[in-house]
$ cat work.pdb   # PDB, C-alpha atoms
ATOM      1  CA  ASP A 236      -0.163 -17.219  39.967
ATOM      2  CA  VAL A 237       1.331 -19.071  42.943
ATOM      3  CA  LYS A 238       3.234 -22.158  41.813
ATOM      4  CA  VAL A 239       5.283 -23.467  44.784
ATOM      5  CA  THR A 240       4.145 -22.711  48.312
ATOM      6  CA  GLN A 241       6.056 -23.320  51.511
ATOM      7  CA  SER A 242       4.049 -23.533  54.698
ATOM      8  CA  SER A 243       5.983 -20.932  56.714
ATOM      9  CA  ARG A 244       8.169 -17.909  55.944
ATOM     10  CA  TYR A 245       9.743 -17.784  59.387
ATOM     11  CA  LEU A 246       9.998 -20.488  62.014
ATOM     12  CA  VAL A 247      11.654 -20.603  65.444
ATOM     13  CA  LYS A 248      12.100 -23.994  67.080
ATOM     14  CA  ARG A 249      13.899 -25.335  70.120
ATOM     15  CA  THR A 250      16.823 -27.741  70.045
ATOM     16  CA  GLY A 251      15.615 -31.337  69.992
ATOM     17  CA  GLU A 252      12.190 -30.585  68.536
ATOM     18  CA  LYS A 253      10.894 -32.481  65.519
ATOM     19  CA  VAL A 254      10.264 -29.957  62.760
ATOM     20  CA  PHE A 255       8.099 -30.312  59.667
ATOM     21  CA  LEU A 256       8.530 -28.085  56.617
ATOM     22  CA  GLU A 257       5.815 -28.438  54.013
ATOM     23  CA  CYS A 258       5.933 -27.654  50.311
ATOM     24  CA  VAL A 259       3.070 -27.793  47.809
ATOM     25  CA  GLN A 260       3.213 -27.249  44.045
ATOM     26  CA  ASP A 261       0.294 -26.811  41.677
ATOM     27  CA  MET A 262       2.062 -27.524  38.376
ATOM     28  CA  ASP A 263       1.861 -31.333  38.323
ATOM     29  CA  HIS A 264       5.666 -31.557  38.371
ATOM     30  CA  GLU A 265       7.321 -34.922  38.874
ATOM     31  CA  ASN A 266      10.503 -33.593  40.492
ATOM     32  CA  MET A 267      10.624 -31.831  43.830
ATOM     33  CA  PHE A 268      13.652 -30.722  45.813
ATOM     34  CA  TRP A 269      14.686 -29.450  49.221
ATOM     35  CA  TYR A 270      17.744 -27.216  49.502
ATOM     36  CA  ARG A 271      19.285 -25.220  52.279
ATOM     37  CA  GLN A 272      21.116 -21.989  51.630
ATOM     38  CA  ASP A 273      23.816 -20.572  53.868
ATOM     39  CA  PRO A 274      26.097 -17.562  53.262
ATOM     40  CA  GLY A 275      29.189 -18.547  51.303
ATOM     41  CA  LEU A 276      27.995 -22.126  50.800
ATOM     42  CA  GLY A 277      25.375 -21.603  48.132
ATOM     43  CA  LEU A 278      22.408 -23.901  47.630
ATOM     44  CA  ARG A 279      23.011 -27.399  48.945
ATOM     45  CA  LEU A 280      20.694 -30.251  48.045
ATOM     46  CA  ILE A 281      19.248 -32.139  50.999
ATOM     47  CA  TYR A 282      16.837 -34.554  49.270
ATOM     48  CA  PHE A 283      14.892 -34.779  46.070
ATOM     49  CA  SER A 284      11.970 -36.835  44.851
ATOM     50  CA  TYR A 285      11.123 -37.822  41.282
ATOM     51  CA  ASP A 286       7.821 -39.541  41.977
ATOM     52  CA  VAL A 287       5.365 -40.266  44.749
ATOM     53  CA  LYS A 288       7.031 -42.245  47.565
ATOM     54  CA  MET A 289      10.398 -42.049  45.748
ATOM     55  CA  LYS A 290      13.311 -40.126  47.228
ATOM     56  CA  GLU A 291      17.017 -39.679  46.684
ATOM     57  CA  LYS A 292      19.613 -38.325  49.082
ATOM     58  CA  GLY A 293      21.346 -35.149  48.116
ATOM     59  CA  ASP A 294      24.646 -33.794  49.352
ATOM     60  CA  ILE A 295      23.689 -33.203  52.998
ATOM     61  CA  PRO A 296      20.894 -35.595  54.084
ATOM     62  CA  GLU A 297      22.166 -36.198  57.627
ATOM     63  CA  GLY A 298      19.664 -35.129  60.246
ATOM     64  CA  TYR A 299      16.832 -34.838  57.718
ATOM     65  CA  SER A 300      14.176 -37.069  56.241
ATOM     66  CA  VAL A 301      11.463 -36.472  53.642
ATOM     67  CA  SER A 302       8.010 -37.663  52.756
ATOM     68  CA  ARG A 303       6.130 -37.585  49.479
ATOM     69  CA  GLU A 304       2.747 -39.240  49.819
ATOM     70  CA  LYS A 305       1.072 -37.132  47.123
ATOM     71  CA  LYS A 306       2.522 -35.769  43.916
ATOM     72  CA  GLU A 307       1.944 -32.149  44.846
ATOM     73  CA  ARG A 308       3.369 -32.267  48.372
ATOM     74  CA  PHE A 309       6.950 -32.782  49.560
ATOM     75  CA  SER A 310       7.742 -32.536  53.247
ATOM     76  CA  LEU A 311      11.106 -32.065  54.934
ATOM     77  CA  ILE A 312      11.478 -33.373  58.473
ATOM     78  CA  LEU A 313      14.180 -32.424  60.937
ATOM     79  CA  GLU A 314      14.156 -35.406  63.266
ATOM     80  CA  SER A 315      15.775 -33.587  66.208
ATOM     81  CA  ALA A 316      16.512 -29.963  65.435
ATOM     82  CA  SER A 317      19.975 -28.653  66.206
ATOM     83  CA  THR A 318      21.414 -25.136  66.100
ATOM     84  CA  ASN A 319      23.528 -25.994  63.053
ATOM     85  CA  GLN A 320      20.297 -26.518  61.134
ATOM     86  CA  THR A 321      19.482 -22.829  61.409
ATOM     87  CA  SER A 322      19.250 -21.818  57.765
ATOM     88  CA  MET A 323      17.085 -20.738  54.839
ATOM     89  CA  TYR A 324      15.242 -23.764  53.439
ATOM     90  CA  LEU A 325      14.093 -23.670  49.849
ATOM     91  CA  CYS A 326      11.728 -26.033  48.096
ATOM     92  CA  ALA A 327      11.654 -26.317  44.312
ATOM     93  CA  SER A 328       9.801 -28.326  41.714
ATOM     94  CA  SER A 329      10.737 -28.957  38.112
ATOM     95  CA  PHE A 330       9.545 -30.217  34.751
ATOM     96  CA  PRO A 331      12.696 -30.972  32.767
ATOM     97  CA  PRO A 332      13.987 -29.395  30.677
ATOM     98  CA  VAL A 333      11.945 -26.238  30.768
ATOM     99  CA  GLU A 334      10.706 -25.343  34.221
ATOM    100  CA  ALA A 335      12.140 -25.213  37.724
ATOM    101  CA  PHE A 336      10.531 -22.924  40.277
ATOM    102  CA  PHE A 337      11.204 -22.160  43.898
ATOM    103  CA  GLY A 338       8.929 -21.517  46.818
ATOM    104  CA  GLN A 339       9.329 -18.357  48.878
ATOM    105  CA  GLY A 340      11.668 -20.003  51.379
ATOM    106  CA  THR A 341      11.464 -20.762  55.093
ATOM    107  CA  ARG A 342      13.944 -19.112  57.411
ATOM    108  CA  LEU A 343      14.353 -21.542  60.282
ATOM    109  CA  THR A 344      16.027 -20.560  63.532
ATOM    110  CA  VAL A 345      16.819 -23.270  66.071
ATOM    111  CA  VAL A 346      17.489 -21.946  69.573
TER     112      VAL A 346
ATOM    113  CA  GLN B 199      31.035 -35.221  41.607
ATOM    114  CA  LYS B 200      28.788 -33.118  39.397
ATOM    115  CA  GLU B 201      29.672 -29.462  39.706
ATOM    116  CA  VAL B 202      28.585 -26.096  38.419
ATOM    117  CA  GLU B 203      31.162 -23.350  38.797
ATOM    118  CA  GLN B 204      30.581 -19.607  38.836
ATOM    119  CA  ASN B 205      32.827 -16.671  39.585
ATOM    120  CA  SER B 206      31.525 -15.326  42.893
ATOM    121  CA  GLY B 207      32.247 -11.712  41.977
ATOM    122  CA  PRO B 208      31.291  -9.110  42.829
ATOM    123  CA  LEU B 209      30.864  -8.023  39.248
ATOM    124  CA  SER B 210      30.421  -4.274  39.034
ATOM    125  CA  VAL B 211      29.086  -2.494  35.936
ATOM    126  CA  PRO B 212      27.765   1.029  35.349
ATOM    127  CA  GLU B 213      24.123   1.605  34.521
ATOM    128  CA  GLY B 214      23.413   1.015  30.834
ATOM    129  CA  ALA B 215      26.367  -1.338  30.316
ATOM    130  CA  ILE B 216      26.310  -5.025  29.409
ATOM    131  CA  ALA B 217      26.833  -7.444  32.290
ATOM    132  CA  SER B 218      28.279 -10.849  31.396
ATOM    133  CA  LEU B 219      27.852 -13.738  33.817
ATOM    134  CA  ASN B 220      29.551 -17.070  33.210
ATOM    135  CA  CYS B 221      29.121 -20.641  34.339
ATOM    136  CA  THR B 222      30.871 -23.937  33.593
ATOM    137  CA  TYR B 223      29.620 -27.424  34.342
ATOM    138  CA  SER B 224      31.280 -30.798  34.724
ATOM    139  CA  ASP B 225      28.442 -33.216  33.920
ATOM    140  CA  ARG B 226      28.096 -33.856  30.192
ATOM    141  CA  GLY B 227      24.754 -35.503  30.963
ATOM    142  CA  SER B 228      23.284 -32.120  31.891
ATOM    143  CA  GLN B 229      20.557 -31.297  29.429
ATOM    144  CA  SER B 230      19.175 -27.937  30.452
ATOM    145  CA  PHE B 231      20.442 -24.887  32.226
ATOM    146  CA  PHE B 232      18.656 -22.285  34.264
ATOM    147  CA  TRP B 233      19.544 -18.774  35.324
ATOM    148  CA  TYR B 234      18.014 -17.404  38.508
ATOM    149  CA  ARG B 235      18.129 -13.957  40.082
ATOM    150  CA  GLN B 236      18.101 -13.786  43.856
ATOM    151  CA  TYR B 237      17.670 -10.626  45.888
ATOM    152  CA  SER B 238      18.934 -10.612  49.439
ATOM    153  CA  GLY B 239      16.563 -12.469  51.755
ATOM    154  CA  LYS B 240      14.369 -13.666  48.898
ATOM    155  CA  SER B 241      14.077 -16.959  47.050
ATOM    156  CA  PRO B 242      15.577 -17.446  43.571
ATOM    157  CA  GLU B 243      13.459 -16.236  40.671
ATOM    158  CA  LEU B 244      13.745 -17.979  37.299
ATOM    159  CA  ILE B 245      14.977 -15.644  34.537
ATOM    160  CA  MET B 246      15.662 -18.025  31.680
ATOM    161  CA  PHE B 247      16.315 -21.615  30.727
ATOM    162  CA  ILE B 248      18.255 -22.954  27.756
ATOM    163  CA  TYR B 249      18.826 -26.471  26.462
ATOM    164  CA  SER B 250      19.968 -26.006  22.857
ATOM    165  CA  ASN B 251      23.400 -24.853  21.733
ATOM    166  CA  GLY B 252      23.487 -21.208  20.754
ATOM    167  CA  ASP B 253      21.745 -18.096  21.983
ATOM    168  CA  LYS B 254      18.328 -17.505  23.458
ATOM    169  CA  GLU B 255      17.050 -13.989  23.929
ATOM    170  CA  ASP B 256      14.298 -12.674  26.189
ATOM    171  CA  GLY B 257      14.066  -8.913  26.447
ATOM    172  CA  ARG B 258      17.306  -7.545  27.901
ATOM    173  CA  PHE B 259      18.560 -11.046  28.726
ATOM    174  CA  THR B 260      20.456 -13.428  26.452
ATOM    175  CA  ALA B 261      21.492 -16.909  27.521
ATOM    176  CA  GLN B 262      24.246 -18.704  25.628
ATOM    177  CA  LEU B 263      25.043 -22.409  25.736
ATOM    178  CA  ASN B 264      28.098 -24.170  24.350
ATOM    179  CA  LYS B 265      27.866 -27.875  25.138
ATOM    180  CA  ALA B 266      31.233 -28.720  23.595
ATOM    181  CA  SER B 267      32.943 -26.302  25.985
ATOM    182  CA  GLN B 268      30.492 -27.043  28.828
ATOM    183  CA  TYR B 269      29.901 -23.342  29.190
ATOM    184  CA  VAL B 270      26.793 -21.268  29.857
ATOM    185  CA  SER B 271      26.531 -17.510  30.047
ATOM    186  CA  LEU B 272      23.969 -14.810  30.709
ATOM    187  CA  LEU B 273      24.217 -11.365  29.169
ATOM    188  CA  ILE B 274      22.210  -8.497  30.596
ATOM    189  CA  ARG B 275      21.970  -5.538  28.248
ATOM    190  CA  ASP B 276      21.231  -1.986  29.410
ATOM    191  CA  SER B 277      21.902  -2.988  33.014
ATOM    192  CA  GLN B 278      19.793  -1.236  35.631
ATOM    193  CA  PRO B 279      20.390  -0.722  39.370
ATOM    194  CA  SER B 280      17.413  -3.047  39.931
ATOM    195  CA  ASP B 281      19.466  -5.834  38.308
ATOM    196  CA  SER B 282      21.804  -5.757  41.314
ATOM    197  CA  ALA B 283      21.415  -9.211  42.823
ATOM    198  CA  THR B 284      23.030 -12.623  43.008
ATOM    199  CA  TYR B 285      22.687 -14.702  39.845
ATOM    200  CA  LEU B 286      22.571 -18.471  40.146
ATOM    201  CA  CYS B 287      23.326 -20.915  37.364
ATOM    202  CA  ALA B 288      21.880 -24.430  37.570
ATOM    203  CA  GLY B 289      22.242 -27.529  35.434
ATOM    204  CA  GLY B 290      19.675 -30.303  35.165
ATOM    205  CA  GLY B 291      19.555 -33.743  33.625
ATOM    206  CA  PRO B 292      16.556 -35.769  32.515
ATOM    207  CA  ALA B 293      13.530 -36.364  34.716
ATOM    208  CA  GLY B 294      14.562 -38.048  37.927
ATOM    209  CA  THR B 295      17.857 -36.242  38.347
ATOM    210  CA  ALA B 296      18.762 -33.352  40.597
ATOM    211  CA  LEU B 297      19.273 -29.702  39.752
ATOM    212  CA  ILE B 298      22.852 -28.739  40.545
ATOM    213  CA  PHE B 299      23.564 -25.123  41.417
ATOM    214  CA  GLY B 300      26.613 -22.933  41.290
ATOM    215  CA  LYS B 301      27.319 -20.708  44.272
ATOM    216  CA  GLY B 302      26.204 -17.607  42.442
ATOM    217  CA  THR B 303      27.718 -14.388  41.117
ATOM    218  CA  THR B 304      26.937 -11.095  42.805
ATOM    219  CA  LEU B 305      26.205  -8.290  40.342
ATOM    220  CA  SER B 306      26.285  -4.632  41.315
ATOM    221  CA  VAL B 307      24.981  -2.014  38.872
ATOM    222  CA  SER B 308      25.893   1.538  39.780
ATOM    223  CA  SER B 309      23.825   4.545  38.727
TER     224      SER B 309
END
$ encode --input "work.pdb" --output "structure tokens"
Amino acid sequence: DVKVTQSSRYLVKRTGEKVFLECVQDMDHENMFWYRQDPGLGLRLIYFSYDVKMKEKGDIPEGYSVSREKKERFSLILESASTNQTSMYLCASSFPPVEAFFGQGTRLTVV
Amino acid sequence: QKEVEQNSGPLSVPEGAIASLNCTYSDRGSQSFFWYRQYSGKSPELIMFIYSNGDKEDGRFTAQLNKASQYVSLLIRDSQPSDSATYLCAGGGPAGTALIFGKGTTLSVSS
């Protein structure tokens, strides 16, 4: 019954590395999202995509990029990881107005 | 700026009581609203969605939407200690628009 799958639960990377976070959904949803969640700050939208090869910046896109080459897959890329990007990263996909599901989350630590 | 506001809590209720969680939103273009439950260290889990004015019931949960007042609520009847979690409210527009989240309300149910 898995719907949204993120490639890693836990990830440790070094400062300056290029980091790829992968997300796959099996529900044929048009919309996919990347959020980060930090204590006291809630869920903040990094990027979202409403179709293949289409993307929109969210509230905090700096330092990130995304790729959506296939409908089911949405990748988040940290171009040069920094310690302030240590966070929980959550991928979601939606079918308005009735469905919006999250993956299990990736806890990224940048050292 | 589209916003979803929630009282951060903590909201404390005794076991068996009704817990009432509230949410307001600024974007009149929002069409559907989602309630998520999030346990510490886990990803958000969808409880309910609502997109029509009025009440929607699912087991012990009732979602209420008042579009004129831009207000959404979640009632949890017969609260259980296992309901202790953070509850996130999210608003969504039509396809191609982002899901906007509140910062969440922490609920504590004491036995």
$ atom_distance --input "work.pdb" --atom1 "atom CA of B:Lys240" --atom2 "atom CA of B:Cys287"
16.3 Å
$ axis_aligned_box --input "work.pdb" --around "stretch 288-305 of chain A" --padding-each-side "6 Å" --output "AutoDock Vina command-line options"
--center_x 12.9 --center_y -37.7 --center_z 53.0 --size_x 35.6 --size_y 21.0 --size_z 26.5
$ interface_residues --input "work.pdb" --of "chain B" --to "chain A" --cutoff "12 Å" --atoms "all atoms listed in the file" --output "ChimeraX atom specification"
/B:199-204,206-207,228-250,284-304
$ resolve_selection --input "work.pdb" --expression "the PyMOL selection byres ((chain B and resi 253) around 10)" --output "VMD selection string"
chain B and resid 248 to 252 254 to 255 260 to 264 270 to 272
$ residues_around --input "work.pdb" --residues "A:Asn319" --least-positions-apart "5" --cutoff "10 Å" --atoms "all atoms listed in the file" --output "list in words"
Thr250, Thr344, Val345 and Val346 of chain A
$ atom_distance --input "work.pdb" --atom1 "atom CA of B:Pro279" --atom2 "atom CA of B:Ala217"
11.7 Å
$ atom_distance --input "work.pdb" --atom1 "atom CA of B:Val307" --atom2 "atom CA of B:Gly257"
17.9 Å
$ residues_near_point --input "work.pdb" --point "(16.7, -21.0, 66.9)" --cutoff "12 Å" --atoms "all atoms listed in the file" --output "PDB file with C-alpha atoms, in the coordinates of the input"
ATOM      1  CA  TYR A 245       9.743 -17.784  59.387  1.00  0.00           C
ATOM      2  CA  LEU A 246       9.998 -20.488  62.014  1.00  0.00           C
ATOM      3  CA  VAL A 247      11.654 -20.603  65.444  1.00  0.00           C
ATOM      4  CA  LYS A 248      12.100 -23.994  67.080  1.00  0.00           C
ATOM      5  CA  ARG A 249      13.899 -25.335  70.120  1.00  0.00           C
ATOM      6  CA  THR A 250      16.823 -27.741  70.045  1.00  0.00           C
ATOM      7  CA  GLY A 251      15.615 -31.337  69.992  1.00  0.00           C
ATOM      8  CA  GLU A 252      12.190 -30.585  68.536  1.00  0.00           C
ATOM      9  CA  VAL A 254      10.264 -29.957  62.760  1.00  0.00           C
ATOM     10  CA  ALA A 316      16.512 -29.963  65.435  1.00  0.00           C
ATOM     11  CA  SER A 317      19.975 -28.653  66.206  1.00  0.00           C
ATOM     12  CA  THR A 318      21.414 -25.136  66.100  1.00  0.00           C
ATOM     13  CA  ASN A 319      23.528 -25.994  63.053  1.00  0.00           C
ATOM     14  CA  GLN A 320      20.297 -26.518  61.134  1.00  0.00           C
ATOM     15  CA  THR A 321      19.482 -22.829  61.409  1.00  0.00           C
ATOM     16  CA  SER A 322      19.250 -21.818  57.765  1.00  0.00           C
ATOM     17  CA  ARG A 342      13.944 -19.112  57.411  1.00  0.00           C
ATOM     18  CA  LEU A 343      14.353 -21.542  60.282  1.00  0.00           C
ATOM     19  CA  THR A 344      16.027 -20.560  63.532  1.00  0.00           C
ATOM     20  CA  VAL A 345      16.819 -23.270  66.071  1.00  0.00           C
ATOM     21  CA  VAL A 346      17.489 -21.946  69.573  1.00  0.00           C
TER      22      VAL A 346
END
$ resolve_selection --input "work.pdb" --expression "the PyMOL selection byres ((chain B and resi 282) around 6)" --output "number ranges by chain"
B: 279-281, 283, 305-307
$ resolve_selection --input "work.pdb" --expression "the PyMOL selection byres ((chain A and resi 262) around 8)" --output "list in words"
Lys238, Gln260, Asp261, Asp263, His264 and Glu307 of chain A
$ closest_residue --input "work.pdb" --among "B:Ser210, B:Ser267, B:Ser224, B:Ser218" --to "B:Ser309" --atoms "all atoms listed in the file"
B:Ser210
$ residues_around --input "work.pdb" --residues "A:Phe309" --least-positions-apart "3" --cutoff "7 Å" --atoms "only C-alpha atoms" --output "CSV table (one decimal) with C-alpha atoms, keeping the file's coordinate frame"
chain,number,residue,atom,x,y,z
A,257,GLU,CA,5.8,-28.4,54.0
A,258,CYS,CA,5.9,-27.7,50.3
A,259,VAL,CA,3.1,-27.8,47.8
A,267,MET,CA,10.6,-31.8,43.8
A,302,SER,CA,8.0,-37.7,52.8
A,303,ARG,CA,6.1,-37.6,49.5
$ closest_residue --input "work.pdb" --among "B:Ala266, B:Ser308, B:Leu273, B:Phe259" --to "B:Leu219" --atoms "only C-alpha atoms"
B:Leu273
